[in-house]
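This is protein_2.txt. It holds compact mmCIF, C-alpha atoms and all ligand atoms.
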```txt
# COMPACT_ATOMS: atom_id res chain seq x y z
CA MET K 1 38.42 -135.64 82.10
CA LEU K 2 37.72 -139.05 83.61
CA PRO K 3 37.77 -139.43 87.38
CA THR K 4 40.73 -141.50 88.49
CA LEU K 5 39.85 -142.22 92.10
CA TYR K 6 36.26 -143.28 91.65
CA LYS K 7 35.72 -146.93 92.39
CA ASN K 8 33.50 -148.48 89.76
CA ARG K 9 31.25 -150.55 91.96
CA TYR K 10 29.07 -151.76 89.14
CA PRO K 11 31.28 -152.33 86.13
CA CYS K 12 29.68 -153.71 82.98
CA ASN K 13 31.68 -156.92 82.90
CA ALA K 14 30.67 -158.30 86.30
CA ARG K 15 27.30 -157.58 87.80
CA HIS K 16 26.08 -158.09 91.29
CA THR K 17 23.36 -160.66 91.67
CA SER K 18 20.97 -158.34 93.43
CA THR K 19 19.69 -154.90 92.61
CA PRO K 20 21.42 -152.33 94.79
CA PRO K 21 18.83 -151.27 97.35
CA ASP K 22 19.86 -147.68 97.91
CA MET K 23 18.02 -146.27 94.89
CA ALA K 24 14.69 -147.87 95.73
CA LEU K 25 13.31 -145.16 98.01
CA PRO K 26 14.19 -142.12 95.92
CA LEU K 27 12.72 -143.86 92.93
CA LEU K 28 9.44 -144.63 94.59
CA SER K 29 9.00 -140.95 95.30
CA LEU K 30 9.42 -140.26 91.57
CA LEU K 31 6.82 -142.82 90.56
CA PRO K 32 4.08 -140.39 89.51
CA LEU K 33 6.56 -138.45 87.43
CA PHE K 34 7.76 -141.56 85.65
CA SER K 35 4.24 -142.74 84.87
CA LEU K 36 3.55 -139.35 83.41
CA LEU K 37 6.65 -139.52 81.25
CA VAL K 38 5.85 -142.97 79.98
CA LEU K 39 2.18 -142.35 79.36
CA SER K 40 2.52 -139.00 77.72
CA SER K 41 5.54 -139.77 75.55
CA PRO K 42 4.77 -137.46 72.63
CA SER K 43 8.13 -137.42 70.90
CA ILE K 44 8.88 -141.09 70.77
CA GLY K 45 7.24 -141.70 67.43
CA HIS K 46 7.73 -145.46 67.71
CA SER K 47 4.75 -147.28 69.12
CA ALA K 48 6.90 -150.35 69.66
CA ALA K 49 9.21 -148.31 71.86
CA ALA K 50 6.29 -147.13 73.92
CA ALA K 51 5.00 -150.67 74.12
CA SER K 52 8.31 -151.89 75.41
CA SER K 53 8.43 -149.13 78.03
CA LEU K 54 11.64 -147.57 76.79
CA HIS K 55 11.79 -143.82 76.38
CA PRO K 56 14.45 -141.29 75.32
CA ASN K 57 13.76 -139.22 78.46
CA PHE K 58 14.07 -142.14 80.81
CA TYR K 59 17.04 -140.62 82.68
CA ALA K 60 15.87 -137.00 82.38
CA HIS K 61 15.53 -136.72 86.15
CA SER K 62 17.77 -139.46 87.50
CA CYS K 63 20.78 -138.76 85.28
CA PRO K 64 20.25 -135.73 83.06
CA THR K 65 23.91 -135.62 81.99
CA VAL K 66 24.18 -139.21 80.80
CA GLU K 67 24.00 -138.42 77.07
CA LYS K 68 26.60 -135.68 77.40
CA ILE K 69 28.96 -137.98 79.28
CA VAL K 70 28.63 -140.84 76.81
CA ASN K 71 29.15 -138.44 73.94
CA SER K 72 32.27 -136.86 75.36
CA VAL K 73 34.00 -140.18 76.02
CA MET K 74 33.01 -141.44 72.57
CA ALA K 75 34.25 -138.22 70.94
CA GLU K 76 37.61 -138.65 72.63
CA ALA K 77 37.83 -142.32 71.65
CA VAL K 78 36.79 -141.80 68.03
CA SER K 79 39.18 -138.90 67.59
CA GLU K 80 41.99 -141.19 68.77
CA ASN K 81 40.87 -144.03 66.53
CA PRO K 82 37.73 -143.89 64.36
CA ARG K 83 37.46 -147.67 64.47
CA TRP K 84 36.08 -147.42 68.02
CA ALA K 85 32.85 -146.14 66.48
CA ALA K 86 32.57 -149.33 64.44
CA SER K 87 33.56 -151.67 67.23
CA ILE K 88 31.04 -150.19 69.66
CA LEU K 89 28.29 -150.28 67.02
CA ARG K 90 29.01 -153.97 66.48
CA LEU K 91 29.02 -154.66 70.24
CA HIS K 92 25.55 -153.15 70.49
CA PHE K 93 24.37 -155.37 67.61
CA HIS K 94 25.90 -158.47 69.21
CA ASP K 95 24.27 -157.51 72.49
CA CYS K 96 20.81 -157.05 70.97
CA PHE K 97 20.83 -160.35 69.05
CA VAL K 98 21.25 -162.33 72.27
CA LYS K 99 18.01 -162.14 74.26
CA GLY K 100 17.52 -158.45 73.50
CA CYS K 101 19.83 -155.54 74.30
CA ASP K 102 20.63 -156.30 77.92
CA GLY K 103 24.37 -155.74 78.17
CA SER K 104 24.98 -159.50 78.26
CA VAL K 105 27.78 -159.25 75.69
CA LEU K 106 29.78 -157.24 78.22
CA LEU K 107 29.75 -159.87 80.96
CA ASP K 108 32.86 -161.88 81.74
CA SER K 109 32.73 -165.58 82.56
CA SER K 110 31.87 -166.34 86.14
CA GLY K 111 32.07 -169.62 88.05
CA VAL K 112 28.67 -170.54 86.63
CA PHE K 113 28.34 -168.87 83.21
CA LEU K 114 30.58 -168.64 80.18
CA SER K 115 31.00 -165.20 78.65
CA GLU K 116 29.60 -164.39 75.21
CA LYS K 117 33.05 -162.99 74.51
CA ARG K 118 34.05 -166.61 73.78
CA SER K 119 31.45 -167.20 71.06
CA ASN K 120 32.45 -167.66 67.41
CA PRO K 121 31.22 -164.22 66.32
CA ASN K 122 33.01 -162.49 69.22
CA ARG K 123 36.23 -164.43 69.82
CA ASP K 124 39.33 -162.58 68.53
CA SER K 125 37.01 -160.00 67.02
CA ALA K 126 34.65 -158.17 69.38
CA ARG K 127 36.37 -155.11 70.77
CA GLY K 128 35.62 -151.84 72.50
CA PHE K 129 35.01 -153.20 76.00
CA GLU K 130 37.54 -150.79 77.49
CA ILE K 131 35.68 -147.85 75.94
CA VAL K 132 32.41 -149.04 77.49
CA ASP K 133 34.21 -149.34 80.84
CA LYS K 134 35.50 -145.79 80.51
CA ILE K 135 32.01 -144.50 79.81
CA LYS K 136 30.51 -146.51 82.64
CA LEU K 137 33.11 -145.14 85.06
CA ALA K 138 32.28 -141.57 84.05
CA VAL K 139 28.52 -142.19 84.22
CA GLU K 140 28.82 -143.83 87.66
CA ALA K 141 30.74 -140.81 88.92
CA ALA K 142 27.88 -138.52 87.92
CA CYS K 143 24.92 -140.82 88.64
CA PRO K 144 25.87 -143.79 90.78
CA GLU K 145 23.98 -147.03 90.17
CA THR K 146 21.44 -145.49 87.85
CA VAL K 147 22.15 -146.14 84.17
CA SER K 148 22.24 -149.62 82.69
CA CYS K 149 25.20 -150.85 80.67
CA ALA K 150 22.82 -151.82 77.85
CA ASP K 151 21.65 -148.19 77.62
CA ILE K 152 25.23 -146.94 77.68
CA LEU K 153 26.04 -149.24 74.78
CA ALA K 154 22.98 -148.12 72.79
CA LEU K 155 23.88 -144.45 73.27
CA ALA K 156 27.55 -145.01 72.49
CA ALA K 157 26.67 -146.88 69.29
CA ARG K 158 24.51 -143.98 68.12
CA ASP K 159 27.21 -141.46 69.01
CA GLY K 160 29.86 -143.42 67.11
CA VAL K 161 27.69 -143.34 64.01
CA VAL K 162 27.13 -139.58 64.31
CA LEU K 163 30.80 -138.89 65.04
CA THR K 164 31.82 -140.66 61.83
CA GLY K 165 29.35 -138.69 59.72
CA GLY K 166 26.22 -140.84 59.97
CA PRO K 167 22.65 -140.05 61.01
CA GLY K 168 21.48 -139.39 64.53
CA TRP K 169 18.37 -140.65 66.29
CA GLU K 170 16.76 -140.50 69.70
CA VAL K 171 17.69 -143.59 71.67
CA PRO K 172 14.81 -145.07 73.70
CA LEU K 173 16.23 -145.81 77.15
CA GLY K 174 15.41 -147.82 80.24
CA ARG K 175 16.84 -151.23 79.32
CA ARG K 176 17.70 -153.48 82.19
CA ASP K 177 20.96 -155.36 82.37
CA SER K 178 21.00 -159.12 82.31
CA LEU K 179 22.82 -160.90 85.07
CA THR K 180 23.73 -163.81 82.83
CA PRO K 181 25.35 -164.20 79.42
CA SER K 182 24.25 -166.80 76.86
CA LEU K 183 27.12 -168.32 74.95
CA ASN K 184 24.76 -170.61 73.04
CA ASP K 185 22.54 -167.81 71.78
CA SER K 186 25.55 -165.75 70.85
CA ASN K 187 26.79 -168.65 68.71
CA ASN K 188 23.39 -169.40 67.20
CA ASN K 189 21.65 -166.05 66.80
CA ILE K 190 24.35 -163.75 65.47
CA PRO K 191 24.71 -164.16 61.69
CA ALA K 192 27.97 -165.52 60.32
CA PRO K 193 29.53 -164.08 57.15
CA THR K 194 29.23 -167.51 55.53
CA ASN K 195 25.50 -167.82 56.24
CA THR K 196 23.23 -167.73 53.21
CA LEU K 197 21.06 -164.67 52.80
CA ASN K 198 18.04 -166.76 53.77
CA THR K 199 19.66 -167.81 57.04
CA ILE K 200 20.63 -164.23 57.77
CA ILE K 201 17.08 -163.03 57.14
CA THR K 202 15.76 -165.81 59.40
CA LYS K 203 18.16 -164.74 62.17
CA PHE K 204 17.04 -161.13 61.82
CA ASN K 205 13.37 -162.20 61.83
CA ARG K 206 13.98 -163.87 65.19
CA GLN K 207 14.90 -160.44 66.53
CA GLY K 208 11.79 -158.79 65.14
CA LEU K 209 13.68 -157.40 62.14
CA ASP K 210 12.77 -157.77 58.48
CA VAL K 211 14.57 -157.80 55.17
CA VAL K 212 14.66 -154.00 54.95
CA ASP K 213 16.42 -153.95 58.32
CA VAL K 214 18.90 -156.58 57.09
CA VAL K 215 19.96 -154.42 54.16
CA ALA K 216 19.95 -151.13 56.07
CA LEU K 217 21.79 -152.41 59.14
CA SER K 218 24.37 -154.20 57.00
CA GLY K 219 25.25 -150.66 55.94
CA SER K 220 27.14 -150.52 59.25
CA HIS K 221 29.91 -152.14 57.24
CA THR K 222 30.60 -148.70 55.79
CA ILE K 223 32.95 -148.34 58.78
CA GLY K 224 35.25 -150.72 60.59
CA LYS K 225 37.39 -153.71 59.83
CA SER K 226 37.25 -157.41 59.18
CA ARG K 227 39.87 -160.08 59.72
CA CYS K 228 41.17 -162.10 56.80
CA ALA K 229 39.65 -165.22 58.41
CA SER K 230 36.16 -163.81 57.91
CA PHE K 231 36.32 -163.65 54.09
CA ARG K 232 39.24 -165.91 53.06
CA GLN K 233 36.96 -168.52 51.55
CA ARG K 234 35.84 -166.01 48.91
CA LEU K 235 39.42 -165.58 47.73
CA TYR K 236 40.34 -169.25 47.28
CA ASN K 237 37.52 -171.72 47.60
CA GLN K 238 34.08 -170.21 47.66
CA THR K 239 31.97 -173.29 46.94
CA GLY K 240 34.39 -176.14 47.62
CA ASP K 241 35.63 -176.39 44.01
CA GLY K 242 38.91 -174.54 44.67
CA LYS K 243 37.75 -171.41 42.83
CA PRO K 244 37.32 -167.85 44.13
CA ASP K 245 33.94 -166.20 44.45
CA GLU K 246 32.76 -165.10 41.02
CA THR K 247 30.82 -162.22 42.49
CA LEU K 248 34.03 -160.60 43.76
CA ASP K 249 35.81 -158.10 41.52
CA LEU K 250 38.96 -159.76 40.13
CA GLY K 251 41.33 -156.86 40.81
CA TYR K 252 40.01 -156.37 44.32
CA ALA K 253 40.32 -160.11 45.02
CA ALA K 254 43.93 -160.11 43.80
CA LYS K 255 44.74 -157.20 46.09
CA LEU K 256 43.12 -158.89 49.06
CA ARG K 257 45.08 -162.09 48.42
CA THR K 258 48.40 -160.28 48.88
CA ARG K 259 47.63 -159.79 52.57
CA CYS K 260 45.18 -162.62 53.15
CA PRO K 261 47.03 -165.78 52.12
CA ARG K 262 45.55 -169.25 51.70
CA THR K 263 46.84 -170.16 55.16
CA GLY K 264 48.02 -167.96 58.01
CA GLY K 265 47.39 -164.28 58.57
CA ASP K 266 43.95 -164.97 60.04
CA GLN K 267 44.03 -161.85 62.19
CA THR K 268 45.25 -159.42 59.53
CA ILE K 269 42.65 -156.68 59.24
CA PHE K 270 41.04 -155.07 56.20
CA SER K 271 38.65 -152.19 55.84
CA LEU K 272 35.08 -153.31 55.23
CA ASP K 273 34.65 -150.26 52.98
CA LEU K 274 37.71 -149.94 50.76
CA VAL K 275 36.90 -146.38 49.68
CA SER K 276 35.95 -144.43 52.83
CA PRO K 277 36.60 -146.77 55.76
CA ASN K 278 36.26 -144.16 58.50
CA ARG K 279 33.27 -142.35 57.12
CA PHE K 280 29.72 -143.44 57.76
CA ASP K 281 28.08 -143.02 54.36
CA ASN K 282 26.43 -145.06 51.60
CA GLN K 283 29.73 -146.01 49.97
CA TYR K 284 29.22 -149.56 51.25
CA TYR K 285 26.32 -150.01 48.83
CA LYS K 286 28.25 -148.50 45.95
CA ASN K 287 31.01 -151.01 46.66
CA ILE K 288 28.55 -153.88 46.56
CA VAL K 289 27.16 -152.77 43.22
CA ALA K 290 30.78 -152.65 41.95
CA LYS K 291 31.39 -156.25 43.21
CA LYS K 292 33.61 -154.89 45.95
CA GLY K 293 31.72 -155.86 49.07
CA LEU K 294 34.21 -157.54 51.41
CA LEU K 295 32.13 -160.19 53.16
CA ASN K 296 30.13 -162.89 51.44
CA SER K 297 27.08 -161.69 53.35
CA ASP K 298 27.60 -158.20 51.94
CA GLU K 299 27.79 -159.28 48.32
CA GLU K 300 24.86 -161.69 48.69
CA LEU K 301 22.61 -158.73 49.33
CA TYR K 302 23.14 -157.91 45.67
CA THR K 303 23.30 -161.35 44.15
CA ALA K 304 20.98 -163.63 46.12
CA SER K 305 17.63 -161.86 45.94
CA GLN K 306 15.92 -159.25 43.82
CA VAL K 307 14.32 -157.68 46.90
CA THR K 308 17.64 -157.03 48.64
CA ARG K 309 19.28 -156.06 45.34
CA ASP K 310 16.69 -153.35 44.82
CA LEU K 311 17.31 -152.04 48.33
CA VAL K 312 21.09 -152.02 47.81
CA GLU K 313 20.58 -150.01 44.63
CA LYS K 314 18.21 -147.63 46.35
CA TYR K 315 20.69 -146.91 49.17
CA SER K 316 23.65 -146.73 46.77
CA VAL K 317 22.14 -143.71 45.04
CA SER K 318 20.93 -141.81 48.10
CA ASN K 319 22.73 -141.20 51.33
CA ASP K 320 19.59 -139.61 52.76
CA VAL K 321 17.35 -142.57 52.03
CA PHE K 322 19.95 -144.90 53.56
CA PHE K 323 20.40 -142.71 56.65
CA GLU K 324 16.69 -142.47 57.28
CA GLN K 325 16.17 -146.22 57.13
CA PHE K 326 19.36 -146.94 59.08
CA ALA K 327 18.21 -144.78 61.99
CA LYS K 328 14.77 -146.43 61.99
CA SER K 329 16.26 -149.91 61.90
CA MET K 330 18.71 -149.12 64.71
CA VAL K 331 15.86 -148.00 66.95
CA LYS K 332 13.91 -151.11 66.01
CA MET K 333 16.85 -153.40 66.78
CA GLY K 334 17.45 -151.59 70.05
CA ILE K 335 13.96 -151.88 71.48
CA TYR K 336 13.13 -155.49 70.73
CA ARG K 337 12.39 -157.55 73.83
CA PRO K 338 14.21 -155.47 76.43
CA LEU K 339 14.45 -156.98 79.89
CA ARG K 340 11.59 -155.77 81.97
CA GLY K 341 9.63 -156.41 85.11
CA HIS K 342 11.74 -157.89 87.85
CA LYS K 343 14.29 -159.35 85.51
CA GLY K 344 17.83 -158.09 85.39
CA LYS K 345 19.16 -154.89 86.76
CA LEU K 346 18.74 -151.28 85.74
CA GLY K 347 21.61 -149.36 87.20
CA GLY K 348 20.35 -149.11 90.74
CA PHE K 349 16.64 -149.12 90.00
CA VAL K 350 14.19 -151.60 91.43
CA GLY K 351 12.37 -153.91 89.04
CA GLY K 352 8.93 -153.49 87.60
CA LEU K 353 8.41 -149.80 88.19
CA ILE K 354 8.00 -148.55 84.69
CA ILE K 355 6.36 -151.56 83.18
CA LYS K 356 3.36 -151.25 85.51
CA HIS K 357 2.31 -148.15 83.65
CA VAL K 358 2.25 -149.27 80.04
C1 LIG K 401 23.88 -159.09 58.18
C2 LIG K 401 24.61 -159.92 58.86
C3 LIG K 401 25.98 -159.58 59.37
C4 LIG K 401 27.08 -160.36 59.27
C5 LIG K 401 27.15 -161.72 58.64
C6 LIG K 401 28.17 -159.64 59.84
C7 LIG K 401 29.46 -160.10 59.95
C8 LIG K 401 30.56 -159.34 60.31
C9 LIG K 401 31.90 -159.80 60.29
C10 LIG K 401 32.35 -161.20 59.90
C11 LIG K 401 32.69 -158.77 60.65
C12 LIG K 401 34.20 -158.78 60.77
C13 LIG K 401 34.60 -159.47 62.05
C14 LIG K 401 36.06 -159.79 62.13
O1 LIG K 401 36.57 -160.44 61.22
O2 LIG K 401 36.69 -159.41 63.12
C15 LIG K 401 31.84 -157.65 60.93
C16 LIG K 401 32.27 -156.42 61.33
C17 LIG K 401 31.42 -155.40 61.66
N1 LIG K 401 30.04 -155.46 61.73
FE1 LIG K 401 28.88 -156.91 60.94
N2 LIG K 401 27.72 -158.43 60.28
C18 LIG K 401 26.38 -158.35 60.03
C19 LIG K 401 25.54 -157.34 60.37
C20 LIG K 401 25.93 -156.24 61.12
C21 LIG K 401 25.03 -155.32 61.77
C22 LIG K 401 23.52 -155.50 61.79
C23 LIG K 401 25.80 -154.38 62.34
C24 LIG K 401 25.39 -153.18 63.18
C25 LIG K 401 24.17 -152.81 63.39
C26 LIG K 401 27.17 -154.70 62.05
C27 LIG K 401 28.26 -153.93 62.40
C28 LIG K 401 29.58 -154.27 62.12
C29 LIG K 401 30.68 -153.35 62.29
C30 LIG K 401 30.57 -151.89 62.63
C31 LIG K 401 31.85 -154.08 62.03
C32 LIG K 401 33.29 -153.58 62.14
C33 LIG K 401 33.72 -153.78 63.61
C34 LIG K 401 35.13 -153.34 63.94
O3 LIG K 401 35.80 -152.73 63.12
O4 LIG K 401 35.55 -153.62 65.07
N3 LIG K 401 27.21 -155.84 61.34
N4 LIG K 401 30.52 -158.04 60.72
```

Any chance you could give the structure as structure tokens?
Amino acid sequence: MLPTLYKNRYPCNARHTSTPPDMALPLLSLLPLFSLLVLSSPSIGHSAAAASSLHPNFYAHSCPTVEKIVNSVMAEAVSENPRWAASILRLHFHDCFVKGCDGSVLLDSSGVFLSEKRSNPNRDSARGFEIVDKIKLAVEAACPETVSCADILALAARDGVVLTGGPGWEVPLGRRDSLTPSLNDSNNNIPAPTNTLNTIITKFNRQGLDVVDVVALSGSHTIGKSRCASFRQRLYNQTGDGKPDETLDLGYAAKLRTRCPRTGGDQTIFSLDLVSPNRFDNQYYKNIVAKKGLLNSDEELYTASQVTRDLVEKYSVSNDVFFEQFAKSMVKMGIYRPLRGHKGKLGGFVGGLIIKHV
């Protein structure tokens, strides 16, 4: 049950410009313990995670219930509407592709900065902010000014995947929250569905991700929805010659056209996975092989390169192989260039504490 009277002093959409001071002293007294945790991290299994100072046990002492809280709010949300799992997963992705996972996607515009919510990839499309707020409220009630919004989003994304039938993984934690959004980076760094495969791979490379990550993480499109506006071009005028996309199954295209007309209906939504839209599985890859991937960027994985085609085929025949790589790629995406040192804000923690010890 969510607390109703608790005042959310540090919501995820508007951050204070200074780190709250009241956690500084208790934290200093825990310093030896934290260094021990960071240095001796046996279970992390990802050297990059260790290098970036994130660790699954980061809140073990300061907020031991955080994972439970995130999970219970996500379970409630996903049972009401499974699409929340997809929307939160996408928010985490859109957060991580803009200067690392630092919660910047959650920030509203201020007098000085414009929110990433206005960017082309997010406008009329990014959703789930109210679920993040709900989680943050519950986490603040248990552990005031301790857990970053970026960490909440990373945990919630993982939980959404598990709740819809996908793989689980340990989420390295300890990200700091940015105090500023970047509308420009949101527009430039997040791949568009009309980007060529090469451009998409380049955008992933910029985030420390490779072609295997591109194919595995695109598997997120096994859940969730897309608006007609995001794939209309494939139905009517794929290359500017007034013809539909040849790599799209004819029957599927005809069905899509009935609800996604040449003009209008931009916001009408369609399942990204036409077969099992609420289940996180490898059906997405089977669809692609059958020419039934919804977005151009989905189908290009099969048609634009032999390397990505082979990976699509590999994941289409084995849920386990897909799940294993998906979990690895999610961790990799989540730990790239986290805010560290004195930058940003980590719940109520002071800057630089953990990083001194790695
Ligand atoms: C490879 C490049 C990618 C492109 C071009 C792309 C593009 C898109 C587009 C256009 C939509 C539909 C948006 C709309 O019309 O409202 C969408 C939805 C979605 N994307 Fe991606 N995406 C990519 C990769 C990813 C990755 C890496 C993830 C997660 C790790 C992801 C997770 C999702 C999810 C879960 C949805 C459904 C969201 C919902 O139902 O609210 N996508 N994506």

Could you report the residues within 6 Å of ligand LIG 401 (chain K), using all atoms listed in the file, as a PyMOL selection string? chain K and resi 83+86-87+89-90+93+125+127+191-193+200+214+217-218+220-221+223-227+230+297

Polymer residues at most 9 Å from Cys143 (chain K), only C-alpha atoms, same-chain spacing of 2 or more positions, as a ChimeraX atom specification: /K:62-66,138-141,145-147

Among K:Gln283, K:Asn319, K:Ser305, K:Ser72, Ala156 (chain K) is approached most closely, using all atoms listed in the file, by K:Ser72

With the cut-off set at 9 Å and counting only C-alpha atoms, tabulate each residue of region 236-303 of chain K with an atom at most that distance from an atom of region 158-164 of chain K, showing the nearest atom pair and its distance in Å to one decimal, ordered by chain and increasing number, as a Markdown table.
```
| residue | atom | partner | partner_atom | distance |
| --- | --- | --- | --- | --- |
| K:Asn278 | CA | K:Thr164 | CA | 6.6 |
| K:Arg279 | CA | K:Thr164 | CA | 5.2 |
| K:Phe280 | CA | K:Thr164 | CA | 5.4 |
| K:Asp281 | CA | K:Thr164 | CA | 8.7 |
```

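Atom to atom, CA of Leu54 (chain K) and CA of Val212 (chain K) stand 23.0 Å apart.
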
With all atoms listed in the file as the atoms that count, which of K:Gly219, K:Gly334, K:Gly100, K:Gly242 lies nearest to Ala154 (chain K)?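 Checking each of K:Gly219, K:Gly334, K:Gly100, K:Gly242 against Ala154 (chain K), counting all atoms listed in the file, the winner is K:Gly334.
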
For Ser182 (chain K), the nearest of the candidates K:Gly240, K:Lys117, K:Ala157, K:Asp151, counting only C-alpha atoms: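 Of K:Gly240, K:Lys117, K:Ala157, K:Asp151, the one nearest Ser182 (chain K) is K:Lys117, counting only C-alpha atoms.
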
Ser109 (chain K) surroundings by only C-alpha atoms, 12 Å radius, close-in-sequence under 6 positions cut, as a count of residues only: 13

Between CA of Lys314 (chain K) and CA of Leu250 (chain K), what is the distance in Å, rounded to a tenth? 24.8 Å

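Among K:Ala229, K:Ile288, K:Val331, K:Ala254, the residue with the shortest atom-to-atom distance to Leu173 (chain K), counting only C-alpha atoms, is K:Val331.
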
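When CA of Thr308 (chain K) is paired with CA of Val211 (chain K), their separation reads 7.3 Å.
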
Please determine, counting all atoms listed in the file, which residue among K:Asp185, K:Glu246, K:Glu67, K:Glu170 has the shortest atom-to-atom distance to Val105 (chain K).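 Of K:Asp185, K:Glu246, K:Glu67, K:Glu170, the one nearest Val105 (chain K) is K:Asp185, counting all atoms listed in the file.
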
Got a sec: who's within 10 Å of Leu274 (chain K), counting all atoms listed in the file, leaving out chain neighbours fewer than 2 positions off, as a ChimeraX atom specification? /K:222-223,225,252,270-272,276-278,283-284,287,292-294

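Near (18.3, -138.8, 56.1), the residues that fall inside 12 Å on the basis of all atoms listed in the file are Gly165, Gly166, Pro167, Gly168, Trp169, Asp281, Asn282, Tyr315, Ser318, Asn319, Asp320, Val321, Phe322, Phe323, Glu324, Gln325, Phe326, Ala327 and Lys328 of chain K.
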